[in-house]
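Comments concern the structure below.
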Amino acid sequence: MTGNPSNLAGSPRSRRSLAIGLLLLVGCDRAASVGPAEHHAPAHLPADYASAVVRLQELHGEILGGRTRSDDSLDAFAEWEDLVRWLPGLAAETDLPEELWNRIADISDTWTARIAALRAESPERRRVTHEPQADAWRSVLADLAQAAAWLEDRAIDDYSP
């Protein structure tokens, strides 16, 4: 290989190739992405990218509506954080073009950090703190839904005789 290795490491294409290579080397077991201590997929892990987007839309309504869950169920903000963190992996299991996958990965990075900050607050303050960010999250949801619609259109095109 020729060229400056430091330049190659920074390009999106080389990062994606590296990630794919690591997945192939380590394996593509989705349960492994949950963490080393767990050997099963959590119950709230969606089956696919489109299901994750639908669940994120539902959670947004739940959070802004101020609905509370029973003490034994998963916190809505914890579920939200998990789903956002899992988006790039779920999107990687699709035929999304690289530029859409990169956008999803950027969204995941940005919003995982924002949600973690919200989770650090008291449960009573989380919704109030999130409300000013709600429009930004709606915009993100629209972007995520567009990617899901692209996949659906692609599936219909591929299926058409």
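Chain labels follow the order of the structure tokens: the first chain is A, the next B, and so on; residue numbering restarts at 1 in every chain, and ligands are counted from 1 in their shown order.
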
Selection near segment 120-126 of chain A, 10 Å with only C-alpha atoms, sequence-local residues under 6 positions removed, as an NGL selection string: :A and (63-64 or 66 or 68 or 75 or 77)

Contacts of Trp150 of chain A within 10 Å, only C-alpha atoms, excl. fewer than 6 positions in-chain, as a ChimeraX atom specification: /A:95-97,100,144,156

Generate the output file for the selected residues, C-alpha atoms, as a JSON list (two decimals), in the first residue's frame.
[["chain", "number", "residue", "atom", "x", "y", "z"],
["A", 95, "ASP", "CA", -28.15, -1.92, 1.98],
["A", 96, "LEU", "CA", -27.96, 1.76, 2.93],
["A", 97, "PRO", "CA", -25.39, 3.72, 0.94],
["A", 100, "LEU", "CA", -26.56, 7.54, 4.78],
["A", 144, "LEU", "CA", -33.80, 8.41, 10.33],
["A", 156, "ILE", "CA", -39.97, -2.85, -3.31]]

Atom-to-atom span, atom CA of Arg119 of chain A and atom CA of His40 of chain A, Å: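 Value for the atom CA of Arg119 of chain A-atom CA of His40 of chain A distance: 24.1 Å.
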
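Across the model, the gap from atom CA of Gln146 of chain A to atom CA of Glu81 of chain A is 20.4 Å.
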
Within 12 Å of segment 107-118 of chain A using only C-alpha atoms, minus same-chain residues under 2 positions, as a ChimeraX atom specification: /A:63,76-91,100-105,120-131,133-134,136-137,139-144
